[in-house]
Amino acid sequence: MRENSSEITKYIQIAKENHKKGNIYQANEIYKKLINQKIYTYELLFSYGLFCKEINNLKIAKNLFNLSIKKYPSKINAYILLAEILRKENKVNDALKALFAAKKIEKSNPDIDYNLSISYKTTKSFREAILSIDSAIRLQPINPTYQILKADILVEFFKNEEAKELLVNLKFPKGSLLYFQKEILISKIFINQKKYKLAEGVLLGLRKLFNKERILYLNLSDLYFKNRELEKGILILKEGIKNFPKFIPLRFNLGIMYRNLGLIELSIKTHLEILLDDQLNSNSYYELSTMYNFSNHDEQLKTLLNIEIENLSPKEKIYFCYSKSNAYHNNKDYKKSAYFLKIANDEKLKIQPSDLKRKLNTGEYFRNLEIDQNLNLEEVKDSNQYVFIVGMPRCGSTLLESILSLNPDVKDLGEVTFLEESLQKSNDLLEIRKLYKEKVMLVNSKQQIFTDKNLFNFLYCPIIYRFFPNAKIIHCIRNPLDNILSIYRTNFLNQSFSSSLNDISELYLYHLKLMKEYKSKFGSIIYSYDHEQVVRNPKETIQDLINWLDWEWNEKYLSPQKSKRSVFTASSAQVRKKINPNSSGCWKKYEDLIEPIRELFPTYN
């Protein structure tokens, strides 16, 4: 028997009460029975949609909100909640379309502006995000949630002082959620400023008040990851997982930290356990595929290879395609590996267009920069020695830094952006070395030799030569076809040129041309390190490098896999193995994929 509108309202209330009590199944059954009667009142569509959204049944929630919009186009709440789901699915452009449609209905609705701002923040559109949240604040000036979002946007885009000024003026009760959000943002400001101890103090202070907030443990683990205090990070993650055993982001971070510490078996075990609770976790599948061949886990491998990619969100599609490619590579099915690899990179380019031009423009700017030769460098005293490792990603530089780190006088900085940040901060070139040293000192190391493995520092060789008189540059090179393929096979998050074989090749050729010019100008401080020679004839080539550095020779340099250092690059699993030439000539397995660029490197065909 069909229910009338008032009875439907009564049943909706019963469903809500069941939901509130945690009786999810009973609530869902009530909603299903009501919806099957096809009396689509706005209250039913919206309430059931909200219920499905909260229990993470997003497909049904989307359908209900879309139906609500179709039948009740003037009701804007369905547009806003649909946009939230679309953002969660990484379909931000579709979310913006839904919000623009709502904006046409109600031009002065602060909730629409608030959600527009969140969407713009997601797409890294700072100007639009600020304009939208400012519009929401004008409509509701005393809404603290809007103020918090504005501060969050400012922090996200490193407008730290503006964010700090805004947050200082926000007063909330100490135990409130808004106070928690405010303090979290203050800790992020300290992290942006690399004031890690201050950030840690804020977060540990919050832990005393909010030890039941799982995001706190996640933020603490992120802080320890950035500060390279992985042991502390693992301890805080274990504490968080004890409190929230099913919260996968904590377990995922634990797997990453195990990997970076070289505890590969523990990392694999952690990600496999995640898949037991979430069998379609694209992040864990990707991590596993980079360090494990699934030899003892046929069921997980079968699940991965059978996943249909057509209906996945863009991010999931990218990660699953990389994972499939790696799995097929391990199974020596290189045609299928290449097929999924191309899909992954093509999808990435849709989200993040190549940054090739920016890199080329930066290189040309510093290549043509006129530096006053009469500058008095004595103003900046620095007893430290810096070894800059430059080249292209995946050139063997992580192995090189592991070799160098076996010198007890060396502190490996890893892929820091200290030089680039120093150049951006000051137009006074005399300040650059001072600013750089200040950043190095924050590392709090007793050593006085530092390796900086930001490979793109090759763009700044004239600055290094002129303003770092006691520095050395090691140019790391590898078979270009192997190197280009390896870059293309790696899911780099912040190097968008890496998703285009043509752009990788163009940058590779440019970097060779630039380094050839710099070697002719600054040859005394530049060493050419050939990864192919190192893996084939390690003793002779490594000994030659150590002699060039004027370090005392020790056989330990031949066993970099014994280094206990944490590794934060895509090679963190591979570098734990003995020096070997296994990856040399890998490009020949992908000849069809590589064919369009082979003619650019005739020497290596």
# chains A, B, ... in the order shown; residues from 1 in each chain; ligands from 1
>>> residues_around(residues="Leu481 of chain A", least_positions_apart="5", cutoff="8 Å", atoms="only C-alpha atoms", output="number ranges by chain")
A: 587, 594, 598, 601, 604
>>> write_last_selection(atoms="all heavy atoms", output="PDB file, in the first residue's frame")
ATOM      1  N   TRP A 587      65.009  -0.391 -21.554  1.00  0.00           N
ATOM      2  CA  TRP A 587      64.216   0.274 -22.597  1.00  0.00           C
ATOM      3  C   TRP A 587      63.917  -0.661 -23.767  1.00  0.00           C
ATOM      4  O   TRP A 587      62.888  -0.507 -24.446  1.00  0.00           O
ATOM      5  CB  TRP A 587      64.925   1.528 -23.093  1.00  0.00           C
ATOM      6  CG  TRP A 587      66.178   1.271 -23.900  1.00  0.00           C
ATOM      7  CD1 TRP A 587      67.445   1.190 -23.433  1.00  0.00           C
ATOM      8  CD2 TRP A 587      66.254   1.060 -25.308  1.00  0.00           C
ATOM      9  NE1 TRP A 587      68.328   0.940 -24.462  1.00  0.00           N
ATOM     10  CE2 TRP A 587      67.619   0.861 -25.621  1.00  0.00           C
ATOM     11  CE3 TRP A 587      65.311   1.024 -26.347  1.00  0.00           C
ATOM     12  CZ2 TRP A 587      68.057   0.621 -26.927  1.00  0.00           C
ATOM     13  CZ3 TRP A 587      65.746   0.782 -27.639  1.00  0.00           C
ATOM     14  CH2 TRP A 587      67.102   0.578 -27.930  1.00  0.00           C
ATOM     15  N   ILE A 594      58.985   3.360 -26.793  1.00  0.00           N
ATOM     16  CA  ILE A 594      60.124   4.285 -26.876  1.00  0.00           C
ATOM     17  C   ILE A 594      60.418   4.719 -28.312  1.00  0.00           C
ATOM     18  O   ILE A 594      61.082   5.735 -28.528  1.00  0.00           O
ATOM     19  CB  ILE A 594      61.372   3.601 -26.251  1.00  0.00           C
ATOM     20  CG1 ILE A 594      61.166   3.390 -24.756  1.00  0.00           C
ATOM     21  CG2 ILE A 594      62.641   4.380 -26.495  1.00  0.00           C
ATOM     22  CD1 ILE A 594      61.082   4.673 -23.952  1.00  0.00           C
ATOM     23  N   ARG A 598      63.523   7.405 -30.034  1.00  0.00           N
ATOM     24  CA  ARG A 598      64.822   6.722 -30.195  1.00  0.00           C
ATOM     25  C   ARG A 598      65.783   7.496 -31.082  1.00  0.00           C
ATOM     26  O   ARG A 598      66.984   7.555 -30.816  1.00  0.00           O
ATOM     27  CB  ARG A 598      64.616   5.317 -30.759  1.00  0.00           C
ATOM     28  CG  ARG A 598      64.202   4.296 -29.720  1.00  0.00           C
ATOM     29  CD  ARG A 598      64.020   2.924 -30.318  1.00  0.00           C
ATOM     30  NE  ARG A 598      65.267   2.399 -30.871  1.00  0.00           N
ATOM     31  CZ  ARG A 598      65.365   1.214 -31.463  1.00  0.00           C
ATOM     32  NH1 ARG A 598      64.296   0.438 -31.576  1.00  0.00           N
ATOM     33  NH2 ARG A 598      66.516   0.790 -31.932  1.00  0.00           N
ATOM     34  N   PHE A 601      68.447   9.866 -29.763  1.00  0.00           N
ATOM     35  CA  PHE A 601      69.626   9.368 -29.053  1.00  0.00           C
ATOM     36  C   PHE A 601      70.273   8.236 -29.859  1.00  0.00           C
ATOM     37  O   PHE A 601      70.307   7.084 -29.427  1.00  0.00           O
ATOM     38  CB  PHE A 601      69.232   8.874 -27.659  1.00  0.00           C
ATOM     39  CG  PHE A 601      68.507   9.904 -26.837  1.00  0.00           C
ATOM     40  CD1 PHE A 601      67.113   9.949 -26.818  1.00  0.00           C
ATOM     41  CD2 PHE A 601      69.209  10.856 -26.111  1.00  0.00           C
ATOM     42  CE1 PHE A 601      66.440  10.911 -26.083  1.00  0.00           C
ATOM     43  CE2 PHE A 601      68.540  11.821 -25.373  1.00  0.00           C
ATOM     44  CZ  PHE A 601      67.158  11.856 -25.361  1.00  0.00           C
ATOM     45  N   TYR A 604      72.769   5.422 -28.589  1.00  0.00           N
ATOM     46  CA  TYR A 604      72.367   4.380 -27.637  1.00  0.00           C
ATOM     47  C   TYR A 604      71.440   3.342 -28.251  1.00  0.00           C
ATOM     48  O   TYR A 604      70.974   2.444 -27.577  1.00  0.00           O
ATOM     49  CB  TYR A 604      71.684   5.023 -26.430  1.00  0.00           C
ATOM     50  CG  TYR A 604      72.640   5.867 -25.612  1.00  0.00           C
ATOM     51  CD1 TYR A 604      72.845   7.205 -25.924  1.00  0.00           C
ATOM     52  CD2 TYR A 604      73.351   5.310 -24.561  1.00  0.00           C
ATOM     53  CE1 TYR A 604      73.737   7.980 -25.186  1.00  0.00           C
ATOM     54  CE2 TYR A 604      74.239   6.068 -23.815  1.00  0.00           C
ATOM     55  CZ  TYR A 604      74.430   7.404 -24.138  1.00  0.00           C
ATOM     56  OH  TYR A 604      75.320   8.157 -23.411  1.00  0.00           O
TER      57      TYR A 604
END
>>> residues_around(residues="Thr451 of chain A", least_positions_apart="4", cutoff="12 Å", atoms="only C-alpha atoms", output="short mmCIF file (atom, residue, chain, number, x, y, z; two decimals) with C-alpha atoms, in the first residue's frame")
data_model
loop_
_atom_site.label_atom_id
_atom_site.label_comp_id
_atom_site.auth_asym_id
_atom_site.auth_seq_id
_atom_site.Cartn_x
_atom_site.Cartn_y
_atom_site.Cartn_z
CA ASN A 384 80.44 23.89 5.49
CA GLN A 385 81.08 21.95 2.31
CA TYR A 386 78.23 21.29 -0.10
CA VAL A 387 78.06 18.52 -2.66
CA PHE A 388 75.27 19.18 -5.16
CA ILE A 389 74.07 16.06 -6.99
CA VAL A 390 72.40 17.15 -10.24
CA SER A 397 71.35 9.65 -7.87
CA THR A 398 69.80 7.88 -4.86
CA LEU A 400 75.08 7.86 -5.41
CA GLU A 401 73.86 9.68 -2.29
CA SER A 402 73.78 6.38 -0.40
CA ILE A 403 77.42 5.80 -1.37
CA LEU A 404 78.44 9.27 -0.20
CA SER A 405 76.44 9.00 3.03
CA LEU A 406 78.73 6.18 4.17
CA ASN A 407 81.26 8.89 4.97
CA ASP A 409 81.37 13.36 8.02
CA VAL A 410 78.49 13.59 5.52
CA LYS A 411 74.87 14.54 6.19
CA ASP A 412 72.56 13.67 3.31
CA LEU A 413 69.93 16.37 2.88
CA GLY A 414 68.06 14.49 0.16
CA GLU A 415 65.86 16.27 -2.37
CA VAL A 416 65.57 19.59 -0.53
CA PHE A 418 66.79 25.02 -0.21
CA VAL A 440 70.81 23.73 6.29
CA GLN A 447 78.46 17.08 10.14
CA LEU A 455 68.55 17.17 -9.22
CA ALA A 471 80.99 23.50 -3.25
CA LYS A 472 81.26 20.58 -5.65
CA ILE A 473 78.78 19.46 -8.30
CA ILE A 474 78.33 15.82 -9.31
#
>>> atom_distance(atom1="atom CA of Leu209 of chain A", atom2="atom CA of Lys174 of chain A")
8.5 Å
>>> atom_distance(atom1="atom CA of Ala163 of chain A", atom2="atom CA of Pro110 of chain A")
20.9 Å
>>> atom_distance(atom1="atom CA of Lys315 of chain A", atom2="atom CA of Ser500 of chain A")
17.5 Å
>>> closest_residue(among="A:His475, A:Lys150, A:Arg466, A:Phe458", to="Ile432 of chain A", atoms="only C-alpha atoms")
A:Arg466
>>> residues_around(residues="Phe65 of chain A", least_positions_apart="3", cutoff="8 Å", atoms="only C-alpha atoms", output="PyMOL selection string")
chain A and resi 45-46+49+61-62+68-69+78-79+81-82
>>> write_last_selection(atoms="all heavy atoms", output="PDB file, in the first residue's frame")
ATOM      1  N   LEU A  45      14.084  12.315  -0.934  1.00  0.00           N
ATOM      2  CA  LEU A  45      15.276  12.278  -1.791  1.00  0.00           C
ATOM      3  C   LEU A  45      16.485  12.873  -1.072  1.00  0.00           C
ATOM      4  O   LEU A  45      17.587  12.313  -1.119  1.00  0.00           O
ATOM      5  CB  LEU A  45      15.010  13.031  -3.094  1.00  0.00           C
ATOM      6  CG  LEU A  45      13.973  12.406  -4.038  1.00  0.00           C
ATOM      7  CD1 LEU A  45      13.687  13.341  -5.208  1.00  0.00           C
ATOM      8  CD2 LEU A  45      14.452  11.051  -4.552  1.00  0.00           C
ATOM      9  N   PHE A  46      16.258  13.996  -0.408  1.00  0.00           N
ATOM     10  CA  PHE A  46      17.380  14.664   0.250  1.00  0.00           C
ATOM     11  C   PHE A  46      17.858  13.863   1.471  1.00  0.00           C
ATOM     12  O   PHE A  46      19.059  13.659   1.656  1.00  0.00           O
ATOM     13  CB  PHE A  46      16.974  16.077   0.681  1.00  0.00           C
ATOM     14  CG  PHE A  46      18.101  16.849   1.287  1.00  0.00           C
ATOM     15  CD1 PHE A  46      19.082  17.425   0.490  1.00  0.00           C
ATOM     16  CD2 PHE A  46      18.209  16.980   2.667  1.00  0.00           C
ATOM     17  CE1 PHE A  46      20.143  18.117   1.051  1.00  0.00           C
ATOM     18  CE2 PHE A  46      19.267  17.669   3.240  1.00  0.00           C
ATOM     19  CZ  PHE A  46      20.237  18.248   2.427  1.00  0.00           C
ATOM     20  N   GLY A  49      19.513  10.646   0.376  1.00  0.00           N
ATOM     21  CA  GLY A  49      20.792  10.999  -0.238  1.00  0.00           C
ATOM     22  C   GLY A  49      21.845  11.340   0.806  1.00  0.00           C
ATOM     23  O   GLY A  49      22.997  10.899   0.722  1.00  0.00           O
ATOM     24  N   ALA A  61      23.888   7.930  -3.444  1.00  0.00           N
ATOM     25  CA  ALA A  61      23.712   9.321  -3.012  1.00  0.00           C
ATOM     26  C   ALA A  61      23.711  10.263  -4.216  1.00  0.00           C
ATOM     27  O   ALA A  61      22.860  11.163  -4.306  1.00  0.00           O
ATOM     28  CB  ALA A  61      24.827   9.709  -2.041  1.00  0.00           C
ATOM     29  N   LYS A  62      24.638  10.045  -5.140  1.00  0.00           N
ATOM     30  CA  LYS A  62      24.686  10.889  -6.351  1.00  0.00           C
ATOM     31  C   LYS A  62      23.391  10.783  -7.144  1.00  0.00           C
ATOM     32  O   LYS A  62      22.840  11.794  -7.606  1.00  0.00           O
ATOM     33  CB  LYS A  62      25.864  10.460  -7.235  1.00  0.00           C
ATOM     34  CG  LYS A  62      27.185  11.071  -6.856  1.00  0.00           C
ATOM     35  CD  LYS A  62      28.318  10.478  -7.643  1.00  0.00           C
ATOM     36  CE  LYS A  62      28.218  10.781  -9.123  1.00  0.00           C
ATOM     37  NZ  LYS A  62      29.366  10.226  -9.867  1.00  0.00           N
ATOM     38  N   SER A  68      16.811  14.633  -7.234  1.00  0.00           N
ATOM     39  CA  SER A  68      16.259  15.766  -6.488  1.00  0.00           C
ATOM     40  C   SER A  68      16.403  17.063  -7.278  1.00  0.00           C
ATOM     41  O   SER A  68      15.475  17.885  -7.337  1.00  0.00           O
ATOM     42  CB  SER A  68      16.975  15.881  -5.142  1.00  0.00           C
ATOM     43  OG  SER A  68      16.513  16.997  -4.427  1.00  0.00           O
ATOM     44  N   ILE A  69      17.572  17.255  -7.897  1.00  0.00           N
ATOM     45  CA  ILE A  69      17.809  18.473  -8.701  1.00  0.00           C
ATOM     46  C   ILE A  69      16.861  18.514  -9.898  1.00  0.00           C
ATOM     47  O   ILE A  69      16.332  19.575 -10.260  1.00  0.00           O
ATOM     48  CB  ILE A  69      19.284  18.507  -9.152  1.00  0.00           C
ATOM     49  CG1 ILE A  69      20.187  18.803  -7.948  1.00  0.00           C
ATOM     50  CG2 ILE A  69      19.495  19.543 -10.253  1.00  0.00           C
ATOM     51  CD1 ILE A  69      21.660  18.575  -8.209  1.00  0.00           C
ATOM     52  N   ALA A  78      20.746  20.145  -2.534  1.00  0.00           N
ATOM     53  CA  ALA A  78      21.142  18.951  -3.293  1.00  0.00           C
ATOM     54  C   ALA A  78      22.345  19.258  -4.188  1.00  0.00           C
ATOM     55  O   ALA A  78      23.234  18.412  -4.355  1.00  0.00           O
ATOM     56  CB  ALA A  78      19.967  18.450  -4.137  1.00  0.00           C
ATOM     57  N   TYR A  79      22.404  20.458  -4.757  1.00  0.00           N
ATOM     58  CA  TYR A  79      23.547  20.855  -5.591  1.00  0.00           C
ATOM     59  C   TYR A  79      24.832  20.858  -4.751  1.00  0.00           C
ATOM     60  O   TYR A  79      25.882  20.381  -5.195  1.00  0.00           O
ATOM     61  CB  TYR A  79      23.337  22.254  -6.160  1.00  0.00           C
ATOM     62  CG  TYR A  79      22.205  22.416  -7.129  1.00  0.00           C
ATOM     63  CD1 TYR A  79      20.916  22.727  -6.684  1.00  0.00           C
ATOM     64  CD2 TYR A  79      22.410  22.304  -8.502  1.00  0.00           C
ATOM     65  CE1 TYR A  79      19.867  22.908  -7.567  1.00  0.00           C
ATOM     66  CE2 TYR A  79      21.361  22.488  -9.408  1.00  0.00           C
ATOM     67  CZ  TYR A  79      20.095  22.786  -8.935  1.00  0.00           C
ATOM     68  OH  TYR A  79      19.076  22.973  -9.819  1.00  0.00           O
ATOM     69  N   LEU A  81      25.494  19.262  -1.853  1.00  0.00           N
ATOM     70  CA  LEU A  81      25.926  17.931  -1.416  1.00  0.00           C
ATOM     71  C   LEU A  81      26.436  17.100  -2.597  1.00  0.00           C
ATOM     72  O   LEU A  81      27.373  16.307  -2.449  1.00  0.00           O
ATOM     73  CB  LEU A  81      24.781  17.217  -0.706  1.00  0.00           C
ATOM     74  CG  LEU A  81      24.426  17.811   0.654  1.00  0.00           C
ATOM     75  CD1 LEU A  81      23.187  17.150   1.231  1.00  0.00           C
ATOM     76  CD2 LEU A  81      25.584  17.649   1.630  1.00  0.00           C
ATOM     77  N   LEU A  82      25.837  17.292  -3.772  1.00  0.00           N
ATOM     78  CA  LEU A  82      26.352  16.616  -4.968  1.00  0.00           C
ATOM     79  C   LEU A  82      27.774  17.074  -5.245  1.00  0.00           C
ATOM     80  O   LEU A  82      28.655  16.255  -5.570  1.00  0.00           O
ATOM     81  CB  LEU A  82      25.443  16.914  -6.164  1.00  0.00           C
ATOM     82  CG  LEU A  82      25.910  16.342  -7.515  1.00  0.00           C
ATOM     83  CD1 LEU A  82      25.960  14.813  -7.456  1.00  0.00           C
ATOM     84  CD2 LEU A  82      24.991  16.817  -8.643  1.00  0.00           C
TER      85      LEU A  82
END
>>> select_by_dssp(residues="segment 307-450 of chain A", states="helix (DSSP H, G or I)", output="VMD selection string")
chain A and resid 314 to 330 334 to 351 356 to 367 377 to 379 397 to 404 418 to 425 429 to 441
>>> residues_around(residues="Leu369 of chain A", least_positions_apart="5", cutoff="12 Å", atoms="only C-alpha atoms", output="short mmCIF file (atom, residue, chain, number, x, y, z; two decimals) with N, CA and C atoms, in the first residue's frame")
data_model
loop_
_atom_site.label_atom_id
_atom_site.label_comp_id
_atom_site.auth_asym_id
_atom_site.auth_seq_id
_atom_site.Cartn_x
_atom_site.Cartn_y
_atom_site.Cartn_z
N THR A 362 63.46 28.77 -16.60
CA THR A 362 64.33 28.96 -15.43
C THR A 362 65.79 28.73 -15.82
N GLY A 363 66.03 27.67 -16.58
CA GLY A 363 67.39 27.38 -17.01
C GLY A 363 67.98 28.50 -17.83
N GLU A 364 67.20 29.06 -18.74
CA GLU A 364 67.70 30.14 -19.61
C GLU A 364 67.92 31.43 -18.82
N LEU A 429 71.92 38.63 -4.57
CA LEU A 429 72.63 37.37 -4.75
C LEU A 429 73.61 37.09 -3.61
N LEU A 459 69.98 23.68 -12.99
CA LEU A 459 69.53 24.95 -13.56
C LEU A 459 70.27 26.14 -12.95
N TYR A 460 70.87 25.93 -11.77
CA TYR A 460 71.48 27.03 -11.02
C TYR A 460 73.00 26.91 -10.91
N CYS A 461 73.63 26.17 -11.81
CA CYS A 461 75.09 25.97 -11.73
C CYS A 461 75.88 27.29 -11.65
N PRO A 462 75.53 28.34 -12.39
CA PRO A 462 76.28 29.59 -12.27
C PRO A 462 76.22 30.17 -10.86
N ILE A 463 75.08 30.02 -10.20
CA ILE A 463 74.94 30.52 -8.83
C ILE A 463 75.81 29.69 -7.89
N ARG A 466 79.54 30.56 -8.41
CA ARG A 466 79.95 31.91 -8.01
C ARG A 466 79.80 32.15 -6.51
#
